[in-house]
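Colleague: The structure that follows is given in the form of structure tokens.
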Amino acid sequence: MARLVFMGRLEDVAGVPEMTVPPGPVDQVLAALEPALAVQLLGEKVRIALNGQLLTDVGGVVLGQGDELAFLPPVSGG
Amino acid sequence: MLDVRLALEPFDPAAEIAAFNARHPHAGGIVTFLGQVRDSGGVEALELQHYAPMTLPGMEELARITQARWPVEGLLILHRSGVMHPGDAIVLVCAAARHRRDAFAAADFAMDHLKSESWFWKREKTAKGWRWIEPRPEDRQDLSRWG
């Protein structure tokens with residue numbers, strides 16, 4: 001399985017901090033989610049990291065066994 | 001010398017500052033910034049979330065960039081994650097340099113980037129419940145000062 005991680009307000013939208021999904025193309029993984037959640041995950045301010053590395057473009061990415069895809073909304077530290 | 005830590009439990013800022021100062025006897029100037037949970041607006045608690053694969057590595061990279069930009073002899077970046085209450089320390093930055101301007105600038109630069117470029121998400125709890133805090137436009141403006 002692969003894992004989706006939802007940070008910040010996206011955790012509230014998803015209702016869970018993370019979710020396991022079958023490996024496969026990200027497009028297919030997102031298409032299997034609640035449409036309202038998928039829309040939020042693909043928001044223009046949301047950045048996406050695969051195994052801790054930021055992606056410039058999620059298109060064409062294929063999740064493998066054990067991969068972790070994190071959805072990172074705008075940050076606010078300090 | 002860089003000292004970068006993510007604190008999952010409360011830390012004692014006074015003890016951290018004293019230890020930092022003692023480690024840098026040759027620095028002519030030490031600038032210390034402490035961010036704490038403010039006691040106002042009915043805020044009962046503040047939670048900072050981090051993302052383990054990226055948050056500490058990002059803070060370490062920020063420390064390296066800060067050190068490359070100003071001649072600091074020592075730099076401490078210590079940031080809390082977890083649930084905090086009014087008066088609790090959130091972030092501590094200490095910069096030690098031969099001359100004060102470098103210490104001021106390094107601490108200022110590190111703080112601006114911790115506020116709006118580091119991997120933290122913040123929410124606060126009031127009587128109405130939890131609410132996520134979005135970055136303020138001022139935070140972006142602060143960041144743009146550094147070019």
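Identifiers in this document derive from the order of the structure tokens: chains are assigned A, B, ..., residues are numbered from 1 separately in each chain, and ligands are numbered from 1 in order of occurrence.
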Can you work out which residues from chain B touch chain A at a cut-off of 10 Å (counting only C-alpha atoms) and hand them back as a VMD selection string?

Modeller: chain B and resid 34 to 37 48 to 55 57 79 to 81 89 to 92 111 to 123 131 to 136 139

Colleague: Using only C-alpha atoms, determine which residues lie at most 10 Å from range 24-26 of chain B, disregarding the query and same-chain residues fewer than 3 positions distant; provide the list as an MDAnalysis selection string.

Modeller: chainID B and resid 1 19:21 29:30 73:75 95:98

Colleague: Give me, please, the distance in Å between CA of Val29 in chain A and CA of Leu4 in chain A, quoted to one decimal.

Modeller: 9.5 Å

Colleague: According to DSSP computed on the backbone, where in chain A is there strand (DSSP E or B)? Give the residues as JSON, numbers by chain.

Modeller: {"A": [2, 3, 4, 5, 6, 18, 19, 20, 21, 24, 25, 47, 48, 49, 50, 53, 54, 62, 63, 68, 69, 70, 71, 72]}

Colleague: Could you write those residues out with C-alpha atoms, as a compact mmCIF listing (two decimals), in the first residue's frame?

Modeller:
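Dumped everything to out_15.txt:
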# COMPACT_ATOMS: atom_id res chain seq x y z
CA ALA A 2 0.92 3.67 -0.34
CA ARG A 3 0.03 6.46 2.07
CA LEU A 4 -1.54 9.90 1.70
CA VAL A 5 -0.78 12.46 4.44
CA PHE A 6 -2.95 15.52 5.01
CA GLU A 18 -3.52 9.99 6.77
CA MET A 19 -4.98 7.30 4.60
CA THR A 20 -3.60 4.16 2.95
CA VAL A 21 -4.37 3.70 -0.73
CA GLY A 24 -0.81 3.42 -8.79
CA PRO A 25 -0.86 6.63 -10.79
CA ARG A 47 2.18 21.87 -2.30
CA ILE A 48 2.79 18.15 -2.66
CA ALA A 49 5.75 16.08 -1.49
CA LEU A 50 6.64 12.51 -2.38
CA GLN A 53 10.70 15.76 -1.55
CA LEU A 54 8.59 18.56 -3.01
CA VAL A 62 3.03 6.85 -9.88
CA LEU A 63 2.82 5.80 -6.24
CA GLU A 68 4.15 8.58 1.06
CA LEU A 69 2.47 11.49 -0.70
CA ALA A 70 1.95 14.53 1.55
CA PHE A 71 -0.41 17.45 0.88
CA LEU A 72 0.95 20.66 2.39

Colleague: Quick one, how far is CA of Leu8 in chain B from CA of Glu124 in chain B?

Modeller: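 Distance between the two atoms: 17.4 Å.
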
Colleague: Could you find all residues in range 24-70 of chain A that DSSP calls alpha helix (DSSP H) from the backbone, and write them as a PyMOL selection string?

Modeller: chain A and resi 26-31+35-41

Colleague: Output the selection as a PDB file, in the first residue's frame - C-alpha atoms for each residue.

Modeller:
ATOM      1  CA  VAL A  26      -1.675   9.656  -8.600  1.00  0.00           C
ATOM      2  CA  ASP A  27      -4.432  10.694 -11.006  1.00  0.00           C
ATOM      3  CA  GLN A  28      -6.212   7.412 -10.352  1.00  0.00           C
ATOM      4  CA  VAL A  29      -5.601   7.571  -6.598  1.00  0.00           C
ATOM      5  CA  LEU A  30      -7.145  11.056  -6.415  1.00  0.00           C
ATOM      6  CA  ALA A  31     -10.049  10.098  -8.651  1.00  0.00           C
ATOM      7  CA  PRO A  35     -14.526  14.756  -5.051  1.00  0.00           C
ATOM      8  CA  ALA A  36     -14.735  17.542  -2.435  1.00  0.00           C
ATOM      9  CA  LEU A  37     -11.482  16.325  -0.870  1.00  0.00           C
ATOM     10  CA  ALA A  38      -9.715  15.873  -4.213  1.00  0.00           C
ATOM     11  CA  VAL A  39     -10.578  19.462  -5.190  1.00  0.00           C
ATOM     12  CA  GLN A  40      -9.039  20.783  -1.950  1.00  0.00           C
ATOM     13  CA  LEU A  41      -5.931  18.615  -2.346  1.00  0.00           C
TER      14      LEU A  41
END

Colleague: Measuring atom to atom with only C-alpha atoms, identify which of B:Ala45, B:Gln67, B:His85, B:Leu56 is nearest to Ala127 in chain B.

Modeller: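 That would be B:Ala45, the residue with the smallest distance to Ala127 in chain B.
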
Colleague: If we count only C-alpha atoms, what is near Lys125 in chain B at a cut-off of 6 Å, once residues fewer than 3 positions away on the same chain are taken out, given as a compact mmCIF listing (two decimals) with N, CA and C atoms, in the first residue's frame?

Modeller:
# COMPACT_ATOMS: atom_id res chain seq x y z
N VAL B 43 -7.53 33.14 23.52
CA VAL B 43 -6.85 31.93 23.05
C VAL B 43 -6.52 31.03 24.25
N GLU B 44 -7.05 29.81 24.20
CA GLU B 44 -6.83 28.87 25.29
C GLU B 44 -5.63 27.97 25.02
N ALA B 45 -5.42 27.67 23.74
CA ALA B 45 -4.31 26.79 23.37
C ALA B 45 -3.91 27.07 21.93
N GLY B 129 -13.82 26.82 19.62
CA GLY B 129 -13.18 25.61 19.09
C GLY B 129 -11.88 25.94 18.38
N TRP B 130 -11.37 24.95 17.63
CA TRP B 130 -10.09 25.10 16.95
C TRP B 130 -10.26 25.81 15.62

Colleague: Suppose you want the space between CA of Pro86 in chain B and CA of Gly41 in chain B; what is it in Å?

Modeller: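 Computing it gives 10.8 Å between the two atoms.
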
Colleague: Find the spatial neighbours of Leu76 in chain B, counting only C-alpha atoms, within a cut-off of 6 Å - ignore same-chain residues fewer than 2 positions away - and output them as a ChimeraX atom specification.

Modeller: /B:3-4,93-94

Colleague: Restricted to N, CA and C atoms, what would the selected residues look like written as an mmCIF file, in the first residue's frame?

Modeller:
data_model
loop_
_atom_site.group_PDB
_atom_site.id
_atom_site.type_symbol
_atom_site.label_atom_id
_atom_site.label_comp_id
_atom_site.auth_asym_id
_atom_site.auth_seq_id
_atom_site.Cartn_x
_atom_site.Cartn_y
_atom_site.Cartn_z
ATOM 1 N N ASP B 3 23.072 24.830 15.922
ATOM 2 C CA ASP B 3 22.318 23.968 16.836
ATOM 3 C C ASP B 3 20.848 24.127 16.440
ATOM 4 N N VAL B 4 20.300 23.115 15.798
ATOM 5 C CA VAL B 4 18.935 23.203 15.263
ATOM 6 C C VAL B 4 18.133 22.056 15.833
ATOM 7 N N VAL B 93 15.417 31.796 18.786
ATOM 8 C CA VAL B 93 16.541 31.954 17.862
ATOM 9 C C VAL B 93 17.626 32.748 18.575
ATOM 10 N N CYS B 94 18.835 32.234 18.597
ATOM 11 C CA CYS B 94 19.980 32.962 19.155
ATOM 12 C C CYS B 94 21.063 33.034 18.087
#

Colleague: For Pro71 in chain B, which residue out of B:Arg140, B:Arg38, B:Leu46, B:Asp102 is the nearest one, using only C-alpha atoms?

Modeller: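 Closest candidate: B:Asp102.
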